[in-house]
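Here's run_29.tsv, which has TSV, C-alpha atoms:
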chain	number	residue	atom	x	y	z
A	1	MET	CA	-4.30	-20.28	69.97
A	2	LYS	CA	-7.89	-21.25	70.67
A	3	THR	CA	-9.77	-22.95	67.86
A	4	ILE	CA	-12.65	-20.47	67.88
A	5	SER	CA	-13.79	-17.35	69.70
A	6	PHE	CA	-17.51	-17.08	70.40
A	7	ALA	CA	-18.71	-13.54	71.06
A	8	ILE	CA	-21.97	-13.38	73.02
A	9	PRO	CA	-23.42	-9.84	73.10
A	10	CYS	CA	-25.61	-9.43	76.19
A	11	TYR	CA	-27.93	-6.55	77.00
A	12	ASN	CA	-30.26	-7.19	79.94
A	13	SER	CA	-30.09	-10.88	78.98
A	14	ALA	CA	-30.17	-12.49	82.43
A	15	ALA	CA	-33.39	-14.40	81.72
A	16	TYR	CA	-31.96	-16.42	78.83
A	17	MET	CA	-28.17	-16.01	78.51
A	18	ASP	CA	-27.38	-19.14	80.58
A	19	LYS	CA	-28.82	-21.49	77.94
A	20	CYS	CA	-26.75	-19.79	75.24
A	21	ILE	CA	-23.51	-20.00	77.25
A	22	GLU	CA	-24.14	-23.61	78.28
A	23	SER	CA	-24.66	-24.66	74.66
A	24	THR	CA	-21.46	-22.91	73.64
A	25	LEU	CA	-19.45	-24.59	76.39
A	26	GLU	CA	-20.39	-27.97	74.88
A	27	CYS	CA	-18.02	-27.17	71.99
A	28	GLY	CA	-14.97	-28.16	74.05
A	29	ASP	CA	-12.05	-26.80	76.05
A	30	ASP	CA	-10.21	-25.33	73.06
A	31	ILE	CA	-12.68	-22.48	72.66
A	32	GLU	CA	-12.91	-18.92	73.89
A	33	ILE	CA	-16.20	-17.38	75.00
A	34	ILE	CA	-16.30	-13.60	75.21
A	35	ILE	CA	-19.40	-12.41	77.05
A	36	VAL	CA	-19.86	-8.76	76.17
A	37	ASP	CA	-22.06	-6.97	78.70
A	38	ASP	CA	-23.32	-4.01	76.67
A	39	GLY	CA	-24.06	-1.66	79.55
A	40	SER	CA	-26.83	-3.75	81.10
A	41	THR	CA	-28.54	-1.98	84.02
A	42	LYS	CA	-31.99	-3.57	84.38
A	43	ASP	CA	-31.08	-7.08	85.51
A	44	GLU	CA	-28.26	-9.35	86.68
A	45	THR	CA	-26.47	-9.63	83.34
A	46	PRO	CA	-23.16	-8.08	84.58
A	47	ALA	CA	-23.06	-10.30	87.66
A	48	LYS	CA	-23.94	-13.40	85.65
A	49	ALA	CA	-21.20	-12.64	83.12
A	50	ASP	CA	-18.64	-12.33	85.92
A	51	ALA	CA	-19.86	-15.52	87.58
A	52	TRP	CA	-19.48	-17.49	84.34
A	53	ALA	CA	-15.97	-16.07	83.84
A	54	ALA	CA	-15.00	-17.00	87.40
A	55	LYS	CA	-16.31	-20.55	86.95
A	56	TYR	CA	-14.46	-21.13	83.64
A	57	PRO	CA	-11.44	-18.79	83.76
A	58	ASP	CA	-9.57	-20.63	80.99
A	59	ILE	CA	-12.49	-20.42	78.57
A	60	ILE	CA	-14.76	-17.49	79.42
A	61	ARG	CA	-14.00	-13.79	79.64
A	62	ALA	CA	-16.48	-11.13	80.68
A	63	VAL	CA	-16.06	-7.72	79.07
A	64	HIS	CA	-18.14	-4.81	80.34
A	65	GLN	CA	-18.68	-1.71	78.23
A	66	GLU	CA	-20.90	1.35	78.07
A	67	ASN	CA	-23.99	0.69	76.02
A	68	GLY	CA	-23.06	0.81	72.35
A	69	GLY	CA	-25.64	-1.49	70.80
A	70	HIS	CA	-25.33	-4.89	69.18
A	71	GLY	CA	-22.79	-3.71	66.61
A	72	GLN	CA	-20.41	-2.31	69.20
A	73	ALA	CA	-20.72	-5.50	71.24
A	74	VAL	CA	-19.67	-7.49	68.16
A	75	ASN	CA	-16.80	-5.04	67.60
A	76	THR	CA	-15.65	-5.58	71.18
A	77	GLY	CA	-15.88	-9.34	70.81
A	78	LEU	CA	-13.80	-9.26	67.64
A	79	ALA	CA	-11.21	-6.91	69.18
A	80	ASN	CA	-10.75	-9.35	72.08
A	81	ALA	CA	-10.84	-12.52	70.00
A	82	THR	CA	-7.72	-14.71	69.96
A	83	GLY	CA	-9.22	-17.82	68.32
A	84	ARG	CA	-8.46	-18.92	64.76
A	85	TYR	CA	-12.15	-18.55	63.94
A	86	PHE	CA	-14.84	-16.15	65.11
A	87	LYS	CA	-18.57	-16.58	65.58
A	88	VAL	CA	-21.27	-14.40	67.09
A	89	VAL	CA	-23.95	-16.14	69.14
A	90	ASP	CA	-26.77	-13.88	70.29
A	91	SER	CA	-27.64	-14.34	73.93
A	92	ASP	CA	-31.20	-15.56	73.28
A	93	ASP	CA	-30.05	-18.17	70.74
A	94	TRP	CA	-28.12	-21.40	71.16
A	95	LEU	CA	-25.91	-23.92	69.35
A	96	ASP	CA	-26.79	-27.51	68.54
A	97	GLU	CA	-24.42	-29.87	70.35
A	98	HIS	CA	-24.38	-32.63	67.71
A	99	ALA	CA	-23.86	-30.30	64.76
A	100	MET	CA	-21.16	-28.30	66.54
A	101	SER	CA	-19.32	-31.49	67.49
A	102	GLU	CA	-18.77	-32.23	63.80
A	103	ILE	CA	-18.03	-28.63	62.85
A	104	MET	CA	-15.53	-28.25	65.70
A	105	GLY	CA	-13.70	-31.34	64.43
A	106	TYR	CA	-13.27	-29.62	61.06
A	107	LEU	CA	-12.17	-26.33	62.65
A	108	ARG	CA	-9.54	-28.16	64.70
A	109	PHE	CA	-8.21	-29.75	61.53
A	110	GLN	CA	-8.01	-26.31	59.91
A	111	CYS	CA	-6.02	-24.99	62.84
A	112	GLU	CA	-3.26	-27.44	61.91
A	113	LEU	CA	-2.97	-25.92	58.42
A	114	GLU	CA	-1.01	-22.86	57.39
A	115	ASN	CA	-3.75	-21.65	55.06
A	116	ALA	CA	-7.01	-22.29	56.88
A	117	VAL	CA	-10.33	-21.97	55.06
A	118	ASP	CA	-11.80	-18.45	55.19
A	119	LEU	CA	-15.46	-19.21	55.80
A	120	VAL	CA	-17.30	-22.18	57.32
A	121	ILE	CA	-21.08	-22.36	56.81
A	122	GLY	CA	-23.80	-24.38	58.51
A	123	ASN	CA	-27.59	-24.30	58.62
A	124	TYR	CA	-29.67	-22.32	61.08
A	125	VAL	CA	-33.14	-22.98	62.47
A	126	TYR	CA	-35.92	-20.52	63.24
A	127	GLU	CA	-37.27	-21.71	66.59
A	128	LYS	CA	-40.70	-20.11	66.96
A	129	VAL	CA	-41.08	-21.33	70.50
A	130	HIS	CA	-44.51	-19.86	71.29
A	131	GLU	CA	-45.94	-21.37	68.10
A	132	GLY	CA	-44.22	-24.72	68.62
A	133	SER	CA	-42.81	-24.58	65.08
A	134	ARG	CA	-39.36	-24.58	63.51
A	135	THR	CA	-38.02	-23.81	60.05
A	136	VAL	CA	-34.62	-25.07	58.85
A	137	MET	CA	-32.70	-22.73	56.54
A	138	HIS	CA	-30.23	-24.90	54.62
A	139	TYR	CA	-27.93	-24.41	51.62
A	140	ARG	CA	-27.68	-27.95	50.25
A	141	ASN	CA	-28.86	-26.78	46.81
A	142	VAL	CA	-26.32	-23.94	46.79
A	143	PHE	CA	-23.01	-25.24	48.13
A	144	PRO	CA	-21.02	-28.43	47.61
A	145	GLU	CA	-20.85	-30.27	50.92
A	146	GLY	CA	-17.84	-31.65	52.70
A	147	ARG	CA	-15.09	-30.10	50.57
A	148	VAL	CA	-13.37	-26.77	50.18
A	149	PHE	CA	-14.70	-24.68	47.29
A	150	GLY	CA	-14.73	-21.15	45.89
A	151	TRP	CA	-17.39	-18.79	44.57
A	152	ALA	CA	-17.17	-20.28	41.06
A	153	ASP	CA	-18.60	-23.53	42.51
A	154	VAL	CA	-21.65	-21.92	44.10
A	155	GLY	CA	-25.13	-22.72	42.79
A	156	HIS	CA	-28.34	-20.69	42.71
A	157	PHE	CA	-29.76	-19.20	45.91
A	158	LEU	CA	-33.53	-19.46	46.30
A	159	PRO	CA	-35.48	-16.29	47.24
A	160	SER	CA	-35.51	-17.26	50.92
A	161	GLN	CA	-31.84	-18.26	51.12
A	162	TYR	CA	-29.33	-15.75	52.39
A	163	LEU	CA	-26.22	-16.09	54.48
A	164	LEU	CA	-26.95	-14.62	57.90
A	165	MET	CA	-24.78	-14.12	60.94
A	166	HIS	CA	-26.31	-17.33	62.30
A	167	SER	CA	-24.93	-19.49	59.48
A	168	VAL	CA	-21.35	-18.20	59.17
A	169	ILE	CA	-18.04	-18.78	60.94
A	170	TYR	CA	-15.32	-16.46	59.63
A	171	ARG	CA	-11.59	-16.81	60.00
A	172	THR	CA	-10.78	-14.20	62.65
A	173	GLN	CA	-7.75	-12.69	60.95
A	174	LEU	CA	-9.72	-12.10	57.75
A	175	LEU	CA	-12.19	-9.91	59.66
A	176	LYS	CA	-9.36	-8.06	61.40
A	177	ASP	CA	-7.37	-7.58	58.20
A	178	ILE	CA	-10.26	-5.83	56.44
A	179	GLY	CA	-10.89	-3.64	59.48
A	180	LEU	CA	-14.50	-4.72	59.86
A	181	GLU	CA	-16.29	-2.36	62.22
A	182	LEU	CA	-20.03	-2.19	62.78
A	183	PRO	CA	-21.88	1.05	63.58
A	184	LYS	CA	-22.81	1.81	67.18
A	185	HIS	CA	-26.36	2.08	68.50
A	186	THR	CA	-27.74	0.40	65.41
A	187	PHE	CA	-29.78	-2.77	65.01
A	188	TYR	CA	-29.64	-5.03	61.93
A	189	VAL	CA	-25.85	-4.70	61.66
A	190	ASP	CA	-25.63	-8.48	61.24
A	191	ASN	CA	-26.30	-7.78	57.55
A	192	ILE	CA	-23.10	-5.73	57.38
A	193	PHE	CA	-21.18	-8.41	59.30
A	194	VAL	CA	-22.06	-11.07	56.74
A	195	TYR	CA	-22.08	-8.97	53.56
A	196	VAL	CA	-18.96	-6.81	53.70
A	197	PRO	CA	-16.31	-9.57	54.15
A	198	LEU	CA	-17.60	-11.75	51.29
A	199	PRO	CA	-15.38	-10.32	48.49
A	200	HIS	CA	-12.34	-11.14	50.65
A	201	VAL	CA	-13.36	-14.79	51.08
A	202	LYS	CA	-11.49	-17.14	48.75
A	203	THR	CA	-12.15	-20.55	50.32
A	204	ILE	CA	-15.40	-21.90	51.79
A	205	TYR	CA	-16.55	-25.09	53.50
A	206	TYR	CA	-20.20	-26.10	54.05
A	207	ARG	CA	-21.79	-28.77	56.22
A	208	ASP	CA	-25.47	-29.61	55.94
A	209	LEU	CA	-25.93	-29.53	59.70
A	210	ASP	CA	-28.46	-27.56	61.76
A	211	MET	CA	-25.81	-25.66	63.67
A	212	TYR	CA	-27.52	-22.57	65.04
A	213	ARG	CA	-30.89	-22.23	66.76
A	214	TYR	CA	-32.42	-18.81	66.29
A	215	PHE	CA	-35.14	-17.97	68.81
A	216	ILE	CA	-38.13	-15.97	67.62
A	217	GLY	CA	-40.93	-14.94	69.89
A	218	ARG	CA	-40.06	-12.11	72.29
A	219	GLU	CA	-42.18	-9.00	71.83
A	220	ASP	CA	-39.14	-6.71	72.13
A	221	GLN	CA	-37.07	-8.70	69.62
A	222	SER	CA	-35.44	-6.69	66.84
A	223	VAL	CA	-37.07	-8.84	64.13
A	224	ASN	CA	-40.56	-8.31	65.54
A	225	GLU	CA	-42.44	-6.51	62.76
A	226	SER	CA	-43.70	-3.62	64.89
A	227	VAL	CA	-40.19	-3.16	66.31
A	228	MET	CA	-38.70	-3.12	62.80
A	229	ILE	CA	-41.15	-0.42	61.76
A	230	GLY	CA	-40.17	1.66	64.77
A	231	ARG	CA	-36.48	1.22	63.92
A	232	ILE	CA	-36.76	1.86	60.20
A	233	ASP	CA	-34.14	4.63	60.34
A	234	GLN	CA	-31.60	2.08	61.56
A	235	GLN	CA	-32.54	-0.28	58.73
A	236	LEU	CA	-31.95	2.60	56.30
A	237	ARG	CA	-28.58	3.37	57.91
A	238	VAL	CA	-27.45	-0.24	57.56
A	239	THR	CA	-28.55	-0.36	53.92
A	240	ARG	CA	-26.62	2.82	53.10
A	241	THR	CA	-23.55	1.38	54.81
A	242	MET	CA	-23.78	-1.74	52.66
A	243	ILE	CA	-24.16	0.34	49.49
A	244	ASP	CA	-21.03	2.32	50.40
A	245	ALA	CA	-18.93	-0.61	51.67
A	246	VAL	CA	-18.92	-2.74	48.51
A	247	ARG	CA	-19.00	-1.30	45.01
A	248	LEU	CA	-20.68	-3.70	42.62
A	249	PRO	CA	-19.20	-5.03	40.43
A	250	ASP	CA	-15.80	-3.32	40.87
A	251	ASP	CA	-15.04	-4.84	44.29
A	252	VAL	CA	-16.37	-8.30	43.38
A	253	PRO	CA	-14.43	-10.00	40.57
A	254	GLU	CA	-16.31	-13.32	40.81
A	255	LYS	CA	-19.56	-13.17	38.82
A	256	ARG	CA	-21.57	-15.59	40.97
A	257	LEU	CA	-20.67	-13.73	44.14
A	258	GLU	CA	-21.54	-10.43	42.46
A	259	ARG	CA	-24.98	-11.81	41.56
A	260	TYR	CA	-25.57	-13.04	45.09
A	261	MET	CA	-24.48	-9.73	46.67
A	262	GLU	CA	-26.66	-7.74	44.29
A	263	ASN	CA	-29.61	-9.95	45.22
A	264	TYR	CA	-28.81	-9.44	48.90
A	265	LEU	CA	-28.75	-5.67	48.42
A	266	SER	CA	-32.00	-5.93	46.48
A	267	MET	CA	-33.56	-7.73	49.43
A	268	MET	CA	-32.37	-4.98	51.79
A	269	MET	CA	-33.89	-2.33	49.53
A	270	CYS	CA	-37.13	-4.31	49.47
A	271	ILE	CA	-37.26	-4.46	53.27
A	272	CYS	CA	-36.76	-0.68	53.48
A	273	SER	CA	-39.48	-0.08	50.89
A	274	ILE	CA	-42.08	-2.44	52.34
A	275	PHE	CA	-41.80	-1.22	55.93
A	276	LEU	CA	-41.87	2.42	54.86
A	277	ARG	CA	-45.00	1.67	52.88
A	278	MET	CA	-46.53	0.02	55.95
A	279	ILE	CA	-45.92	3.25	57.89
A	280	ASP	CA	-47.86	5.07	55.15
A	281	THR	CA	-47.04	8.70	55.92
A	282	ASP	CA	-45.66	11.48	53.74
A	283	GLU	CA	-42.42	11.38	55.74
A	284	ALA	CA	-42.09	7.63	55.18
A	285	GLU	CA	-42.69	8.08	51.46
A	286	ASP	CA	-39.97	10.75	51.35
A	287	LYS	CA	-37.58	8.33	53.06
A	288	ARG	CA	-38.45	5.57	50.59
A	289	GLU	CA	-37.66	7.85	47.67
A	290	ALA	CA	-34.49	9.05	49.41
A	291	ILE	CA	-32.98	5.56	49.85
A	292	TRP	CA	-33.59	4.78	46.18
A	293	ASP	CA	-32.10	8.12	45.16
A	294	TYR	CA	-29.07	7.33	47.34
A	295	LEU	CA	-28.48	4.04	45.54
A	296	LYS	CA	-28.96	5.74	42.17
A	297	ARG	CA	-26.36	8.40	42.99
A	298	GLN	CA	-23.86	5.79	44.18
A	299	ASP	CA	-24.29	3.43	41.22
A	300	SER	CA	-26.90	4.07	38.55
A	301	ASP	CA	-26.36	0.67	36.85
A	302	VAL	CA	-26.92	-1.30	40.05
A	303	TYR	CA	-29.89	0.94	40.82
A	304	ARG	CA	-31.56	0.13	37.49
A	305	ARG	CA	-31.08	-3.61	37.85
A	306	ILE	CA	-32.33	-3.73	41.43
A	307	ARG	CA	-35.25	-1.37	40.85
A	308	ARG	CA	-36.37	-3.44	37.87
A	309	SER	CA	-36.16	-6.74	39.74
A	310	ALA	CA	-39.47	-8.51	40.30
A	311	LEU	CA	-38.97	-8.15	44.04
A	312	ASN	CA	-38.71	-4.38	43.99
A	313	MET	CA	-41.07	-3.68	41.14
A	314	GLY	CA	-43.78	-5.39	43.16
A	315	THR	CA	-43.06	-3.55	46.42
A	316	ASN	CA	-42.66	-0.09	44.85
A	317	LEU	CA	-45.74	0.14	42.63
A	318	PRO	CA	-47.12	3.71	42.53
A	319	THR	CA	-50.43	4.90	44.06
A	320	GLY	CA	-52.31	3.64	47.07
A	321	LEU	CA	-53.42	0.55	45.21
A	322	GLY	CA	-49.81	-0.24	44.37
A	323	ARG	CA	-48.93	0.07	48.05
A	324	LYS	CA	-51.65	-2.44	48.99
A	325	ILE	CA	-50.51	-4.85	46.27
A	326	GLY	CA	-46.91	-4.65	47.48
A	327	ILE	CA	-47.81	-5.32	51.12
A	328	THR	CA	-50.09	-8.20	50.13
A	329	GLY	CA	-47.30	-9.73	48.06
A	330	TYR	CA	-44.94	-9.43	51.03
A	331	ARG	CA	-47.45	-11.20	53.30
A	332	MET	CA	-47.85	-14.03	50.78
A	333	ALA	CA	-44.07	-14.39	50.47
A	334	GLN	CA	-43.80	-14.65	54.26
A	335	LYS	CA	-46.17	-17.61	54.26
A	336	ILE	CA	-44.62	-19.34	51.25
A	337	PHE	CA	-40.95	-18.98	52.18
A	338	LYS	CA	-41.49	-18.94	55.96
A	339	PHE	CA	-39.05	-16.11	56.58
A	340	ASN	CA	-39.40	-13.81	59.54
Mind turning this structure into structure tokens?
Amino acid sequence: MKTISFAIPCYNSAAYMDKCIESTLECGDDIEIIIVDDGSTKDETPAKADAWAAKYPDIIRAVHQENGGHGQAVNTGLANATGRYFKVVDSDDWLDEHAMSEIMGYLRFQCELENAVDLVIGNYVYEKVHEGSRTVMHYRNVFPEGRVFGWADVGHFLPSQYLLMHSVIYRTQLLKDIGLELPKHTFYVDNIFVYVPLPHVKTIYYRDLDMYRYFIGREDQSVNESVMIGRIDQQLRVTRTMIDAVRLPDDVPEKRLERYMENYLSMMMCICSIFLRMIDTDEAEDKREAIWDYLKRQDSDVYRRIRRSALNMGTNLPTGLGRKIGITGYRMAQKIFKFN
């Protein structure tokens, strides 16, 4: 068994996928790299994937599929994964060699154990290349470092701290056992990937290392604000999926995890609200009311707590003035917490 399977979803990624693959190869010979060509037609992505697989046949596999979106590419990677652990590395991002050297040492140790840890966490870094700036997202105030722990040992997350796909390495069998499957043709499914398995995680290990480098800067990138506004229906779909997938608090017996997951869901509701208010049309306002009504129908108690949170009270104030106040508050939070 390989120590870890890295899934690299690629869609017309020829211009930058080499750097991602090269950084992943630095993790050693006991890894598996699954390049998932998600129906690329505009560049040399399929040929590059095959060339990498031919050059490293014992490490790299190229899988070609009809275009199904990022979520389906992750699904394909997981279905083909044979490693003890599983990590997604987007094709325009890369891994830090020094940090991964230490983390790989721990993963190899876990592979010798019958009951390997469920979740390994590291830091990630926003690399805003065109601005020449970087922001490290760490969890040193949240998690004990260098030992195995459970949710009862977790501290308080700051408003800007969330577990993202970039920061997590899941045990592969855990993801397969729960039947994790992401929706096709949908962006922002990384939220589902991180959120849904959490109640099944019993053991965690954290290293305060800047493991993952997250590139920000392309105009067509899914986290570009104008792109997010154009894809708001997909953001709404992901949020509904998260509401349905985990019933709070019934599915989450640990109180600290329940609090974190409720805060995460609150953040997702805030994102839906703020971008719909930026659109500022009657249709967008109807959609904003609809997503809140959906949460209320699914769980009225969770709805009340989230709607009354400072985050969502501020972004859902009534009237045009309330809309302006909410958007201004969002802009200020962006600058203070340096999130994208």
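Straight-line separation from CA of Asn263 in chain A to CA of Pro9 in chain A: 28.6 Å.
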Can you list, as a PyMOL selection string, every protein, DNA or RNA residue that comes within 9 Å of Cys27 in chain A when you count all atoms listed in the file, leaving out same-chain residues fewer than 5 positions away? chain A and resi 95+97+100-101+104
Export of the given selection (C-alpha atoms) as an mmCIF file, keeping the file's coordinate frame:
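What ended up in selection.cif:
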data_model
loop_
_atom_site.group_PDB
_atom_site.id
_atom_site.type_symbol
_atom_site.label_atom_id
_atom_site.label_comp_id
_atom_site.auth_asym_id
_atom_site.auth_seq_id
_atom_site.Cartn_x
_atom_site.Cartn_y
_atom_site.Cartn_z
ATOM 1 C CA LEU A 95 -25.910 -23.920 69.350
ATOM 2 C CA GLU A 97 -24.420 -29.870 70.350
ATOM 3 C CA MET A 100 -21.160 -28.300 66.540
ATOM 4 C CA SER A 101 -19.320 -31.490 67.490
ATOM 5 C CA MET A 104 -15.530 -28.250 65.700
#
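Distances from A:Asp90, A:Asp153, A:Asp29, A:Asp50 to Glu254 in chain A were compared using all atoms listed in the file, and the smallest one belongs to A:Asp153.
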Near range 270-273 of chain A, counting only C-alpha atoms, which residues have an atom at most 12 Å away, once you skip same-chain residues fewer than 2 positions from it, shown as a PyMOL selection string? chain A and resi 188+223+225+228-229+231-240+263-268+275-280+284-292+306-318+323+326-327+329-330+340
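For the residues A:Tyr11, A:Tyr170, A:Trp94, A:Phe143, ranking by smallest atom-to-atom distance to Thr24 in chain A using only C-alpha atoms places A:Trp94 first.
Across the model, the gap from CA of Phe86 in chain A to CA of Phe6 in chain A is 6.0 Å.
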If you count only C-alpha atoms, which residues fall within 7 Å of Cys20 in chain A, apart from same-chain ones fewer than 5 positions away, as a list in words? Ser91, Asp92, Asp93 and Trp94 of chain A
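Between Gly83 in chain A and the candidates A:Ala62, A:Ser5, A:Val252, A:His156, the tightest atom-to-atom separation, counting all atoms listed in the file, involves A:Ser5.
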Correct to one decimal, the distance CA of Gln110 in chain A-CA of Glu22 in chain A is 24.6 Å
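By chain and then residue number, the residues within 9 Å of Lys2 in chain A are Asp29, Asp30, Ile31, Glu32, Thr82, Gly83, Arg84, Tyr85 and Cys111 of chain A, counting all atoms listed in the file and disregarding those fewer than 4 positions away in sequence.
Across A:Gly155, A:Pro46, A:Gly230, A:Gly150, the tightest approach to Pro199 in chain A is made by A:Gly150 when counting only C-alpha atoms.
The nearest approach to Ala116 in chain A among the residues A:Gln161, A:Ser23, A:Asn75, A:Thr172, with only C-alpha atoms taken into account, belongs to A:Thr172.
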Please provide as a short mmCIF file (atom, residue, chain, number, x, y, z; two decimals) with C-alpha atoms, keeping the file's coordinate frame all residues within 6 Å of Ile59 in chain A, with the sequence filter that same-chain residues fewer than 2 positions apart are discarded (counting only C-alpha atoms).
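Result file is around.cif:
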data_model
loop_
_atom_site.label_atom_id
_atom_site.label_comp_id
_atom_site.auth_asym_id
_atom_site.auth_seq_id
_atom_site.Cartn_x
_atom_site.Cartn_y
_atom_site.Cartn_z
CA GLU A 32 -12.91 -18.92 73.89
CA ILE A 33 -16.20 -17.38 75.00
CA TYR A 56 -14.46 -21.13 83.64
CA PRO A 57 -11.44 -18.79 83.76
#
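When all atoms listed in the file are used to measure the gap to Asp190 in chain A, the shortest distance among A:Ser226, A:Gln72, A:Ile4, A:Glu114 belongs to A:Gln72.
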Calculate, to one decimal in Å, the centre and edge lengths of the box along x, y and z of the file that holds all listed atoms of range 8-27 of chain A with 5 Å of margin on each side, and present them as AutoDock Vina command-line options.
--center_x -25.7 --center_y -17.3 --center_z 77.2 --size_x 25.4 --size_y 31.4 --size_z 20.4
